[in-house]
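Listing of final.cif; format and content: mmCIF, C-alpha atoms and all ligand atoms.
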data_work
loop_
_atom_site.label_atom_id
_atom_site.label_comp_id
_atom_site.auth_asym_id
_atom_site.auth_seq_id
_atom_site.Cartn_x
_atom_site.Cartn_y
_atom_site.Cartn_z
CA MET A 22 87.38 30.33 17.55
CA THR A 23 84.99 32.97 16.17
CA THR A 24 84.33 32.91 12.45
CA LYS A 25 85.98 36.32 12.08
CA ASP A 26 89.18 35.18 13.83
CA MET A 27 89.17 32.08 11.68
CA LYS A 28 88.96 34.13 8.51
CA GLU A 29 91.92 36.29 9.56
CA LYS A 30 93.99 33.28 10.48
CA ILE A 31 93.26 31.55 7.17
CA GLN A 32 94.17 34.68 5.21
CA GLN A 33 97.41 35.16 7.11
CA ILE A 34 98.52 31.55 6.62
CA PHE A 35 97.45 31.54 2.96
CA LYS A 36 99.60 34.62 2.36
CA GLU A 37 102.62 33.06 4.08
CA LYS A 38 102.34 29.77 2.23
CA PHE A 39 100.99 30.70 -1.17
CA GLY A 40 101.37 34.47 -1.64
CA GLU A 41 98.58 36.22 -3.59
CA PRO A 42 95.16 35.93 -1.91
CA GLY A 43 92.49 33.57 -3.19
CA THR A 44 88.70 33.52 -2.79
CA LEU A 45 87.00 32.66 0.50
CA TYR A 46 84.18 30.11 0.75
CA ALA A 47 82.25 28.77 3.69
CA SER A 48 79.72 26.08 4.45
CA ALA A 49 77.92 25.12 7.61
CA GLY A 50 77.36 22.31 10.06
CA ARG A 51 73.74 21.34 10.68
CA ILE A 52 71.16 20.39 13.25
CA ASN A 53 68.06 18.29 12.74
CA LEU A 54 65.07 19.67 14.64
CA ILE A 55 62.89 16.59 14.30
CA GLY A 56 62.53 13.50 12.09
CA GLU A 57 64.90 10.82 13.33
CA HIS A 58 65.39 7.34 11.84
CA THR A 59 62.94 8.42 9.16
CA ASP A 60 65.37 8.74 6.24
CA TYR A 61 65.65 5.03 5.46
CA ASN A 62 61.88 4.70 5.87
CA GLY A 63 61.19 7.17 3.08
CA GLY A 64 59.99 9.78 5.57
CA PHE A 65 60.87 13.39 6.43
CA VAL A 66 63.83 15.02 8.10
CA PHE A 67 63.92 18.64 9.18
CA PRO A 68 67.43 20.04 9.25
CA GLY A 69 68.90 23.53 9.21
CA ALA A 70 72.41 24.93 8.71
CA ILE A 71 74.06 26.56 11.73
CA ASP A 72 76.43 29.40 12.50
CA LYS A 73 79.40 27.05 12.82
CA VAL A 74 81.27 26.78 9.56
CA MET A 75 84.08 25.32 7.54
CA MET A 76 85.94 28.04 5.68
CA ALA A 77 88.48 27.73 2.88
CA GLU A 78 90.59 30.17 0.91
CA ILE A 79 91.26 28.79 -2.55
CA ARG A 80 93.23 29.89 -5.63
CA PRO A 81 94.02 27.94 -8.81
CA ASN A 82 97.80 27.39 -8.83
CA GLY A 83 98.63 26.45 -12.43
CA LEU A 84 100.62 23.44 -11.16
CA ASP A 85 99.96 19.73 -11.53
CA LYS A 86 98.77 19.16 -7.99
CA VAL A 87 96.50 20.45 -5.24
CA ARG A 88 98.31 21.88 -2.21
CA ALA A 89 96.17 21.93 0.94
CA TYR A 90 96.82 23.05 4.50
CA SER A 91 94.56 22.27 7.47
CA VAL A 92 94.85 25.05 10.05
CA ASP A 93 93.16 23.05 12.80
CA LEU A 94 95.18 19.88 12.33
CA GLU A 95 98.37 21.79 11.39
CA ASP A 96 98.85 19.34 8.55
CA TYR A 97 99.76 19.70 4.88
CA ALA A 98 98.92 17.49 1.89
CA GLU A 99 99.67 17.49 -1.84
CA PHE A 100 97.86 15.37 -4.37
CA GLY A 101 97.16 15.05 -8.08
CA LEU A 102 93.64 14.73 -9.45
CA ASN A 103 93.73 11.19 -10.86
CA GLU A 104 92.13 8.27 -9.05
CA GLU A 105 95.51 6.82 -8.07
CA ASP A 106 96.60 10.11 -6.45
CA ALA A 107 94.45 9.71 -3.33
CA PRO A 108 96.17 11.24 -0.31
CA THR A 109 96.67 9.21 2.85
CA GLN A 110 95.47 11.74 5.44
CA SER A 111 91.78 11.26 6.11
CA TRP A 112 91.00 15.00 6.14
CA ALA A 113 92.58 15.40 2.69
CA ARG A 114 90.55 12.52 1.29
CA TYR A 115 87.40 14.63 1.77
CA ILE A 116 88.85 17.32 -0.51
CA PHE A 117 90.28 14.81 -2.98
CA GLY A 118 86.94 12.95 -3.03
CA VAL A 119 85.01 16.10 -3.88
CA CYS A 120 87.44 16.83 -6.76
CA ARG A 121 87.10 13.27 -8.06
CA GLU A 122 83.31 13.22 -7.81
CA ILE A 123 83.08 16.46 -9.80
CA LEU A 124 85.45 15.09 -12.46
CA LYS A 125 83.53 11.79 -12.65
CA ARG A 126 80.38 13.79 -13.43
CA GLY A 127 82.12 15.52 -16.32
CA GLY A 128 82.85 18.73 -14.41
CA GLN A 129 86.10 20.67 -14.34
CA VAL A 130 88.66 20.86 -11.56
CA LYS A 131 92.15 22.32 -11.94
CA PRO A 132 94.88 22.12 -9.32
CA PHE A 133 94.59 24.76 -6.60
CA ASP A 134 96.10 25.96 -3.34
CA THR A 135 93.95 26.02 -0.24
CA VAL A 136 94.10 26.81 3.46
CA PHE A 137 91.03 25.85 5.47
CA ALA A 138 89.72 25.80 9.04
CA GLY A 139 86.47 25.17 10.85
CA ASN A 140 84.59 25.73 14.07
CA VAL A 141 82.08 22.92 13.58
CA PRO A 142 82.99 20.56 16.42
CA LEU A 143 84.29 17.26 15.02
CA GLY A 144 82.30 14.12 15.66
CA ALA A 145 79.73 15.88 17.87
CA GLY A 146 76.82 15.15 15.56
CA LEU A 147 76.90 18.51 13.76
CA SER A 148 78.40 17.03 10.62
CA SER A 149 81.75 18.73 10.26
CA SER A 150 82.51 16.35 7.40
CA ALA A 151 79.49 17.51 5.36
CA ALA A 152 80.51 21.13 6.01
CA LEU A 153 83.97 20.35 4.64
CA GLU A 154 82.63 18.58 1.55
CA SER A 155 80.02 21.16 0.70
CA CYS A 156 82.45 24.04 1.20
CA PHE A 157 84.76 22.55 -1.44
CA ALA A 158 81.97 21.34 -3.71
CA PHE A 159 80.45 24.81 -3.76
CA ALA A 160 83.85 26.48 -4.24
CA LEU A 161 85.00 24.24 -7.09
CA ASN A 162 81.65 24.69 -8.81
CA ASP A 163 82.08 28.46 -8.57
CA LEU A 164 85.77 28.56 -9.53
CA PHE A 165 85.88 26.02 -12.36
CA ASN A 166 82.33 25.31 -13.53
CA GLY A 167 80.59 28.67 -13.66
CA ASN A 168 78.12 27.33 -11.06
CA SER A 169 76.67 24.99 -13.67
CA ILE A 170 76.34 22.05 -11.25
CA ASP A 171 73.00 22.33 -9.49
CA LYS A 172 72.81 22.44 -5.73
CA PHE A 173 71.32 19.01 -5.27
CA GLU A 174 74.16 17.53 -7.28
CA LEU A 175 76.63 19.36 -5.01
CA ALA A 176 75.04 17.61 -2.04
CA LYS A 177 75.30 14.27 -3.84
CA ILE A 178 78.95 14.97 -4.62
CA GLY A 179 79.53 15.31 -0.86
CA GLN A 180 77.57 12.15 -0.12
CA SER A 181 79.47 10.16 -2.78
CA THR A 182 82.72 11.46 -1.32
CA GLU A 183 81.79 9.90 2.03
CA HIS A 184 80.77 6.64 0.34
CA ASN A 185 83.68 6.28 -2.05
CA TYR A 186 86.63 7.96 -0.33
CA CYS A 187 85.90 8.03 3.41
CA GLY A 188 84.16 4.71 4.06
CA VAL A 189 81.00 6.27 5.52
CA ASN A 190 77.71 4.98 4.13
CA CYS A 191 75.65 8.09 4.93
CA GLY A 192 72.31 9.40 3.69
CA ILE A 193 71.84 12.74 1.94
CA MET A 194 70.54 14.89 4.82
CA ASP A 195 73.83 16.33 6.12
CA GLN A 196 75.15 17.44 2.75
CA PHE A 197 71.72 18.63 1.69
CA ALA A 198 71.42 20.82 4.81
CA SER A 199 74.92 22.17 4.46
CA VAL A 200 74.44 23.11 0.79
CA PHE A 201 70.84 24.42 0.95
CA GLY A 202 70.89 26.03 4.42
CA LYS A 203 69.26 29.45 4.67
CA LYS A 204 69.36 31.89 7.55
CA GLY A 205 66.17 31.84 9.63
CA HIS A 206 64.85 28.72 7.87
CA LEU A 207 64.69 25.00 8.41
CA MET A 208 64.15 22.63 5.52
CA ARG A 209 61.74 19.76 5.39
CA LEU A 210 63.31 17.16 3.17
CA ASP A 211 61.18 14.33 1.86
CA CYS A 212 63.57 11.39 1.76
CA ARG A 213 61.34 9.53 -0.71
CA SER A 214 60.92 12.17 -3.41
CA LEU A 215 63.85 14.42 -2.34
CA GLU A 216 61.48 17.37 -2.54
CA HIS A 217 62.19 20.03 0.01
CA GLU A 218 60.49 23.04 1.43
CA TYR A 219 61.75 25.90 3.58
CA TYR A 220 59.97 26.73 6.82
CA PRO A 221 60.57 29.88 8.87
CA PHE A 222 62.53 29.25 12.02
CA ASP A 223 62.80 32.43 14.02
CA PRO A 224 62.30 31.45 17.63
CA GLU A 225 62.30 34.90 19.14
CA GLY A 226 62.74 34.53 22.89
CA TYR A 227 64.25 31.04 22.62
CA LYS A 228 67.69 29.61 21.97
CA LEU A 229 68.75 26.32 20.42
CA VAL A 230 71.26 24.63 22.67
CA LEU A 231 73.09 21.40 21.94
CA VAL A 232 74.32 19.35 24.84
CA ASP A 233 76.96 16.84 23.79
CA SER A 234 77.17 14.00 26.30
CA ARG A 235 80.58 13.02 24.86
CA VAL A 236 79.62 9.38 25.26
CA LYS A 237 79.27 6.83 22.46
CA HIS A 238 78.00 3.38 23.34
CA GLU A 239 77.44 1.11 20.40
CA LEU A 240 80.32 1.48 18.02
CA ALA A 241 79.24 -1.38 15.79
CA ASP A 242 76.47 -0.82 13.24
CA SER A 243 74.47 -3.82 14.33
CA PRO A 244 71.77 -2.11 16.44
CA TYR A 245 71.23 0.34 13.59
CA ASN A 246 70.95 -2.47 11.07
CA ARG A 247 68.55 -4.34 13.34
CA ARG A 248 66.27 -1.28 13.44
CA ARG A 249 66.35 -1.09 9.67
CA GLU A 250 65.51 -4.76 9.36
CA SER A 251 62.52 -4.40 11.69
CA CYS A 252 61.20 -1.53 9.58
CA GLU A 253 61.70 -3.48 6.35
CA ARG A 254 59.97 -6.56 7.78
CA VAL A 255 56.92 -4.57 8.83
CA ALA A 256 56.76 -2.69 5.53
CA LYS A 257 56.83 -5.99 3.68
CA ARG A 258 54.13 -7.45 5.90
CA LEU A 259 51.95 -4.39 5.26
CA GLY A 260 52.59 -4.58 1.52
CA VAL A 261 54.23 -1.16 1.18
CA GLU A 262 57.64 -0.22 -0.13
CA THR A 263 58.63 1.71 3.00
CA LEU A 264 56.87 2.62 6.24
CA ARG A 265 56.26 6.05 4.77
CA ASP A 266 53.29 4.51 2.98
CA ALA A 267 51.90 2.61 5.95
CA THR A 268 49.16 3.78 8.32
CA MET A 269 48.67 3.22 12.02
CA GLU A 270 45.39 1.44 11.26
CA ALA A 271 47.16 -1.05 9.03
CA LEU A 272 49.90 -1.52 11.59
CA ASN A 273 47.39 -2.15 14.38
CA ALA A 274 45.45 -4.57 12.19
CA ALA A 275 48.64 -6.60 11.65
CA LYS A 276 49.73 -6.43 15.27
CA SER A 277 49.14 -10.08 16.08
CA ASP A 278 51.25 -11.17 13.08
CA ILE A 279 54.41 -9.29 13.97
CA SER A 280 56.73 -9.36 16.94
CA ALA A 281 56.16 -6.85 19.74
CA GLU A 282 59.58 -5.40 19.00
CA ASP A 283 58.86 -4.85 15.32
CA TYR A 284 55.50 -3.33 16.23
CA PHE A 285 57.04 -0.70 18.48
CA ARG A 286 59.77 0.12 15.98
CA ALA A 287 57.19 0.73 13.25
CA LYS A 288 54.90 2.63 15.60
CA PHE A 289 57.71 5.07 16.33
CA VAL A 290 58.39 5.64 12.63
CA LEU A 291 54.72 6.31 11.85
CA GLU A 292 54.31 8.65 14.80
CA GLU A 293 57.51 10.48 13.93
CA LYS A 294 56.19 11.20 10.44
CA ASP A 295 53.10 12.82 11.96
CA ARG A 296 55.21 14.77 14.42
CA VAL A 297 57.27 16.31 11.63
CA LEU A 298 54.08 17.45 9.91
CA ALA A 299 52.74 18.84 13.20
CA VAL A 300 55.97 20.78 13.70
CA CYS A 301 55.62 22.29 10.21
CA ASP A 302 52.18 23.64 11.14
CA ALA A 303 53.47 24.89 14.48
CA LEU A 304 56.37 26.73 12.83
CA VAL A 305 54.07 28.43 10.36
CA ALA A 306 51.94 29.53 13.32
CA GLY A 307 55.03 30.61 15.30
CA ASP A 308 53.97 28.21 18.05
CA TYR A 309 57.28 27.14 19.59
CA GLU A 310 55.64 25.59 22.66
CA THR A 311 54.12 22.92 20.42
CA VAL A 312 57.45 22.46 18.66
CA GLY A 313 59.02 21.82 22.06
CA GLN A 314 56.33 19.36 23.06
CA LYS A 315 56.87 17.37 19.87
CA MET A 316 60.61 17.25 20.60
CA TYR A 317 59.88 15.63 23.98
CA GLU A 318 57.53 13.16 22.30
CA THR A 319 60.27 12.23 19.84
CA HIS A 320 62.68 11.65 22.67
CA ARG A 321 60.22 9.40 24.42
CA GLY A 322 59.62 7.42 21.24
CA LEU A 323 63.33 7.06 20.51
CA SER A 324 63.95 5.94 24.07
CA LYS A 325 61.00 3.65 24.77
CA ASP A 326 59.75 2.39 21.38
CA TYR A 327 62.78 2.60 19.10
CA GLU A 328 65.20 1.93 21.95
CA VAL A 329 68.15 3.90 20.66
CA SER A 330 68.69 6.08 23.71
CA CYS A 331 71.06 5.43 26.60
CA GLU A 332 71.20 6.30 30.27
CA GLU A 333 73.16 9.52 29.74
CA LEU A 334 70.83 10.88 27.05
CA ASP A 335 67.75 10.05 29.10
CA PHE A 336 69.39 11.81 32.02
CA LEU A 337 69.99 14.95 29.91
CA ASN A 338 66.38 14.84 28.77
CA ASP A 339 65.16 14.51 32.38
CA VAL A 340 67.27 17.46 33.51
CA ALA A 341 65.83 19.59 30.69
CA LYS A 342 62.30 18.61 31.64
CA ASP A 343 62.98 19.22 35.30
CA LEU A 344 64.25 22.75 34.60
CA GLY A 345 61.27 23.63 32.41
CA VAL A 346 63.10 23.62 29.08
CA THR A 347 60.58 23.98 26.22
CA GLY A 348 61.78 21.05 24.11
CA SER A 349 64.54 18.45 24.32
CA ARG A 350 65.42 15.27 22.50
CA ILE A 351 68.21 13.05 21.26
CA MET A 352 69.63 14.36 18.00
CA GLY A 353 71.09 11.82 15.60
CA GLY A 354 71.07 8.06 15.55
CA GLY A 355 71.27 7.64 19.34
CA PHE A 356 73.38 5.52 21.73
CA GLY A 357 75.26 8.67 22.69
CA GLY A 358 76.05 12.05 21.19
CA CYS A 359 73.90 15.14 21.64
CA THR A 360 70.54 16.34 22.78
CA ILE A 361 69.01 19.34 21.04
CA ASN A 362 67.15 21.73 23.33
CA LEU A 363 64.80 24.63 22.74
CA VAL A 364 65.35 26.90 25.73
CA LYS A 365 63.70 30.18 26.72
CA ASP A 366 66.19 33.05 26.78
CA GLU A 367 65.69 33.70 30.47
CA LEU A 368 66.33 30.04 31.32
CA HIS A 369 69.41 29.66 29.14
CA ASP A 370 72.19 30.45 31.61
CA LYS A 371 70.63 28.46 34.41
CA PHE A 372 70.06 25.47 32.12
CA VAL A 373 73.65 25.46 30.91
CA GLU A 374 75.05 25.74 34.41
CA GLU A 375 72.75 23.10 35.89
CA VAL A 376 73.01 20.56 33.11
CA LYS A 377 76.81 20.73 33.26
CA ALA A 378 76.91 20.41 37.05
CA ARG A 379 74.34 17.62 37.33
CA PHE A 380 75.81 15.57 34.48
CA ASN A 381 79.30 15.99 35.86
CA GLU A 382 78.21 14.87 39.29
CA LYS A 383 76.64 11.72 37.91
CA TYR A 384 78.99 10.77 35.07
CA GLY A 385 82.29 12.37 36.03
CA HIS A 386 82.66 14.72 33.09
CA GLU A 387 80.92 17.83 31.80
CA PRO A 388 78.98 17.74 28.56
CA ASN A 389 80.00 20.20 25.84
CA ILE A 390 77.48 22.95 25.20
CA TYR A 391 76.94 24.58 21.81
CA ASP A 392 74.51 27.43 21.25
CA VAL A 393 73.52 27.48 17.59
CA VAL A 394 71.69 29.92 15.35
CA ILE A 395 70.09 28.80 12.08
CA SER A 396 72.21 30.35 9.33
CA ASP A 397 73.25 30.19 5.69
CA GLY A 398 74.80 27.12 4.10
CA ALA A 399 77.44 26.95 1.33
CA ARG A 400 78.45 30.32 -0.07
CA ARG A 401 81.21 32.67 -1.08
CA TYR A 402 82.33 34.21 2.18
CA GLU A 403 82.09 37.96 1.79
CA GLU A 404 81.43 39.15 5.35
P1 LIG A 501 81.11 14.64 12.00
O1 LIG A 501 80.00 13.97 12.69
O2 LIG A 501 81.51 15.92 12.70
O3 LIG A 501 80.85 14.83 10.54
P2 LIG A 501 83.00 12.76 10.98
O4 LIG A 501 83.78 11.70 11.68
O5 LIG A 501 82.03 12.36 9.96
O6 LIG A 501 82.35 13.67 12.13
O7 LIG A 501 84.00 13.74 10.24
C1 LIG A 501 85.10 14.26 10.91
C2 LIG A 501 86.28 14.27 9.96
O8 LIG A 501 86.14 15.39 9.04
C3 LIG A 501 87.59 14.51 10.68
O9 LIG A 501 88.17 13.29 11.10
C4 LIG A 501 88.42 15.19 9.60
O10 LIG A 501 88.95 14.26 8.70
C5 LIG A 501 87.38 16.03 8.86
N1 LIG A 501 87.29 17.37 9.47
C6 LIG A 501 86.23 17.89 10.11
N2 LIG A 501 86.48 19.14 10.55
C7 LIG A 501 87.75 19.40 10.19
C8 LIG A 501 88.63 20.52 10.37
N3 LIG A 501 88.22 21.62 11.03
N4 LIG A 501 89.88 20.44 9.87
C9 LIG A 501 90.28 19.32 9.22
N5 LIG A 501 89.51 18.25 9.01
C10 LIG A 501 88.28 18.26 9.50
MG MG A 502 80.30 13.20 9.27
#
Could you spell out this file's structure in structure tokens?
Ligand code: ADP
Ligand code: MG
Amino acid sequence: MTTKDMKEKIQQIFKEKFGEPGTLYASAGRINLIGEHTDYNGGFVFPGAIDKVMMAEIRPNGLDKVRAYSVDLEDYAEFGLNEEDAPTQSWARYIFGVCREILKRGGQVKPFDTVFAGNVPLGAGLSSSAALESCFAFALNDLFNGNSIDKFELAKIGQSTEHNYCGVNCGIMDQFASVFGKKGHLMRLDCRSLEHEYYPFDPEGYKLVLVDSRVKHELADSPYNRRRESCERVAKRLGVETLRDATMEALNAAKSDISAEDYFRAKFVLEEKDRVLAVCDALVAGDYETVGQKMYETHRGLSKDYEVSCEELDFLNDVAKDLGVTGSRIMGGGFGGCTINLVKDELHDKFVEEVKARFNEKYGHEPNIYDVVISDGARRYEE
């Protein structure tokens, strides 16, 4: 559904259910250009908000409960604002959680009516849940708190919602990107200091294309936890708090004291930190060929050294390389999900057609394709 159609549908349903119109808000899904498995090592990530959004119409209702309708799930929920009022539907717990986290921080929330919908694909690695949280966090800050809660706190409200009401122990990147996103810009977030900096991202002549393999291999957290443990072991051995503070020289000097596996895990993390910094320079110079090259290097590292790829993702990467795509890599934790691809305009249609056909022939289903444009994050929706 286009964002414009979504807006009209929300407004129509809001009118039918609740009468007088409310205010429209939107927030975005996100991509991460580079910087993978770096967050828990105190390193950098490099996300941007995209032109796929969660949108909500909201109006205070003067009642004693929130009344919420999900257009996409065709489901309705009502809930009060006390801790014991938590709704049962998982989608409603995101909204309830945001209300609770604002109240816990001493902010204001009054009962409201809302109708919401989104075109961020669910569970595809674009963080539809962060878009949902940051849409409501931004809106409730605007409606009830005179925008007195700062933007970083809004991101943390979303993150705490996942932790405390949705059972997802996530980092801060998704909510950060969704709240801070700015059209034509990516954001380098330092996961150690939480400092962030905008970088221009205006790849004229290229498109960003996500290819969702629709496969998920390791459902358990254990491979993820094992990676973390390797990183922590090496950091400890090198006498630093996180690998962010380690150097390749120190790692190589300690090579004989650590397992080969731990060595390659740490090597990836250190190289990935340098790649993010190289991509920053390349973006400032408008050099998208170098950006693409770094994306391939990240894929190789994730696949061979960090070992979080899988056959299907390596296949997608090989197809991209074979067709002359500028950059391609796994996006997200790995073991399935998406690749993110930087594709020249003139190659776009051929790439999409070929990658669908070749993947389908080998794995029996087509991947989902999403073209994305770097766009604004949380905002009042006034378009
Ligand atoms: P993602 O990787 O896309 O964030 P999650 O599993 O974290 O996937 O979050 C998906 C959940 O967020 C859904 O199960 C649902 O509860 C909620 N959600 C996302 N998009 C929508 C939507 N358009 N309408 C209702 N709920 C949604
Ligand atoms: Mg999520």
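Closest approach to ligand MG 502 (chain A) among A:Ala271, A:Ala160, A:Cys187, A:Ala98: A:Cys187, based on only C-alpha atoms and all ligand atoms.
Nearest-residue note for Arg286 in chain A: choosing from A:Glu382, A:Glu404, A:Asp392, A:Glu253, the minimum distance belongs to A:Glu253, counting only C-alpha atoms.
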| request: Check which residues fall inside 7 Å of ligand MG 502 (chain A) when counting all atoms listed in the file, and print them as a ChimeraX atom specification. | output: /A:144,148-151
With only C-alpha atoms and all ligand atoms counted and 8 Å as the cut-off, give the residues of chain A in contact with ligand LIG 501 (chain A), each with its shortest interatomic distance in Å and the pair that gives it, as a tab-separated table.
residue	atom	partner	partner_atom	distance
A:Met75	CA	A:LIG501	N3	6.6
A:Ser91	CA	A:LIG501	C9	5.5
A:Val92	CA	A:LIG501	N4	6.8
A:Asp93	CA	A:LIG501	N4	5.1
A:Leu94	CA	A:LIG501	C9	5.8
A:Gln110	CA	A:LIG501	O10	7.7
A:Ser111	CA	A:LIG501	O10	4.9
A:Trp112	CA	A:LIG501	O10	3.4
A:Ala113	CA	A:LIG501	O10	7.1
A:Arg114	CA	A:LIG501	O10	7.8
A:Tyr115	CA	A:LIG501	O10	7.1
A:Phe137	CA	A:LIG501	N4	7.1
A:Ala138	CA	A:LIG501	N3	4.9
A:Gly139	CA	A:LIG501	N3	4.0
A:Asn140	CA	A:LIG501	N3	6.3
A:Val141	CA	A:LIG501	N2	6.5
A:Pro142	CA	A:LIG501	O2	6.1
A:Leu143	CA	A:LIG501	O2	3.9
A:Gly144	CA	A:LIG501	O2	3.6
A:Ala145	CA	A:LIG501	O2	5.5
A:Gly146	CA	A:LIG501	O1	4.4
A:Leu147	CA	A:LIG501	O2	5.4
A:Ser148	CA	A:LIG501	O3	3.3
A:Ser149	CA	A:LIG501	O2	3.7
A:Ser150	CA	A:LIG501	O3	3.9
A:Ala151	CA	A:LIG501	O3	6.0
A:Ala152	CA	A:LIG501	C6	7.7
A:Leu153	CA	A:LIG501	C6	6.4
A:Val189	CA	A:LIG501	O5	7.6
| request: Kindly extract all protein, DNA and RNA residues lying within 12 Å of the coordinates (55.7, -1.3, 1.6) given in the file, considering only C-alpha atoms, and supply them as a count of residues only. | output: 22
For range 44-65 of chain A versus range 343-359 of chain A, which residues have an atom no more than 9 Å away, and what is each residue's nearest atom pair and distance in Å rounded to one decimal, using all atoms listed in the file, chain-then-number order, as a tab-separated table?
residue	atom	partner	partner_atom	distance
A:Ile52	CA	A:Met352	CA	7.8
A:Asn53	CA	A:Met352	CA	6.8
A:Leu54	CA	A:Met352	CA	7.8
A:Ile55	CA	A:Met352	CA	8.0
A:Glu57	CA	A:Gly353	CA	6.7
A:His58	CA	A:Gly354	CA	6.8
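Comparing the minimum interatomic distances between Phe197 in chain A and each of A:Gly43, A:Gly385, A:Gly69, A:Pro108, counting only C-alpha atoms, we find that A:Gly69 sits nearest.
If only C-alpha atoms are the atoms counted, then among A:Tyr284, A:Tyr309, A:Phe159, A:Tyr46 the closest residue to Lys228 in chain A is A:Tyr309.
Here CA of Ala77 in chain A is placed at a distance of 7.5 Å from CA of Ile31 in chain A.
When CA of Leu102 in chain A is paired with CA of Thr44 in chain A, their separation reads 20.5 Å.
Between CA of Tyr61 in chain A and CA of Arg249 in chain A there is a distance of 7.5 Å.
Closest approach to Gly188 in chain A from the set A:Leu210, A:Gly118, A:Val232, A:Gly64 is made by A:Gly118, with distances taken over only C-alpha atoms.
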| Counting all atoms listed in the file, the option among A:Thr311, A:Ser251, A:Thr59, A:Thr109 closest to Glu292 in chain A | A:Thr59
Edge lengths and centre, in Å to one decimal, as AutoDock Vina command-line options: that's what I need for the box along x, y and z that holds all listed atoms of range 225-237 of chain A plus 4 Å on each side.
--center_x 71.4 --center_y 20.9 --center_z 22.7 --size_x 26.3 --size_y 36.1 --size_z 15.2
Exercise: Ser155 in chain A partners within 9 Å, all atoms listed in the file, chain neighbours under 6 positions left out, as a JSON list (two decimals) with C-alpha atoms, keeping the file's coordinate frame:
[["chain", "number", "residue", "atom", "x", "y", "z"],
["A", 47, "ALA", "CA", 82.25, 28.77, 3.69],
["A", 48, "SER", "CA", 79.72, 26.08, 4.45],
["A", 49, "ALA", "CA", 77.92, 25.12, 7.61],
["A", 75, "MET", "CA", 84.08, 25.32, 7.54],
["A", 119, "VAL", "CA", 85.01, 16.10, -3.88],
["A", 175, "LEU", "CA", 76.63, 19.36, -5.01],
["A", 176, "ALA", "CA", 75.04, 17.61, -2.04],
["A", 178, "ILE", "CA", 78.95, 14.97, -4.62],
["A", 179, "GLY", "CA", 79.53, 15.31, -0.86],
["A", 196, "GLN", "CA", 75.15, 17.44, 2.75],
["A", 197, "PHE", "CA", 71.72, 18.63, 1.69],
["A", 199, "SER", "CA", 74.92, 22.17, 4.46],
["A", 200, "VAL", "CA", 74.44, 23.11, 0.79],
["A", 398, "GLY", "CA", 74.80, 27.12, 4.10],
["A", 399, "ALA", "CA", 77.44, 26.95, 1.33]]
Quick one: contact table of range 220-240 of chain A to range 365-369 of chain A, 9 Å max, nearest atom pair and distance in Å to one decimal per residue, counting only C-alpha atoms, chain and number order, as a Markdown table?
| residue | atom | partner | partner_atom | distance |
| --- | --- | --- | --- | --- |
| A:Glu225 | CA | A:Asp366 | CA | 8.8 |
| A:Gly226 | CA | A:Asp366 | CA | 5.4 |
| A:Tyr227 | CA | A:Lys365 | CA | 4.2 |
| A:Lys228 | CA | A:Asp366 | CA | 6.1 |
| A:Leu229 | CA | A:Lys365 | CA | 8.9 |
| A:Val230 | CA | A:His369 | CA | 8.4 |
Selection above as a file: C-alpha atoms, as a short mmCIF file (atom, residue, chain, number, x, y, z; two decimals), in the coordinates of the input:
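Once written, out_8.cif looks like this:
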data_model
loop_
_atom_site.label_atom_id
_atom_site.label_comp_id
_atom_site.auth_asym_id
_atom_site.auth_seq_id
_atom_site.Cartn_x
_atom_site.Cartn_y
_atom_site.Cartn_z
CA GLU A 225 62.30 34.90 19.14
CA GLY A 226 62.74 34.53 22.89
CA TYR A 227 64.25 31.04 22.62
CA LYS A 228 67.69 29.61 21.97
CA LEU A 229 68.75 26.32 20.42
CA VAL A 230 71.26 24.63 22.67
#
| said: Excluding Val312 in chain A and its own-chain neighbours fewer than 2 positions away, which residues fall within 12 Å of it when counting all atoms listed in the file? Please give them as a ChimeraX atom specification. | reply: /A:54-55,222,224,227,296-310,314-319,346-350,362-364
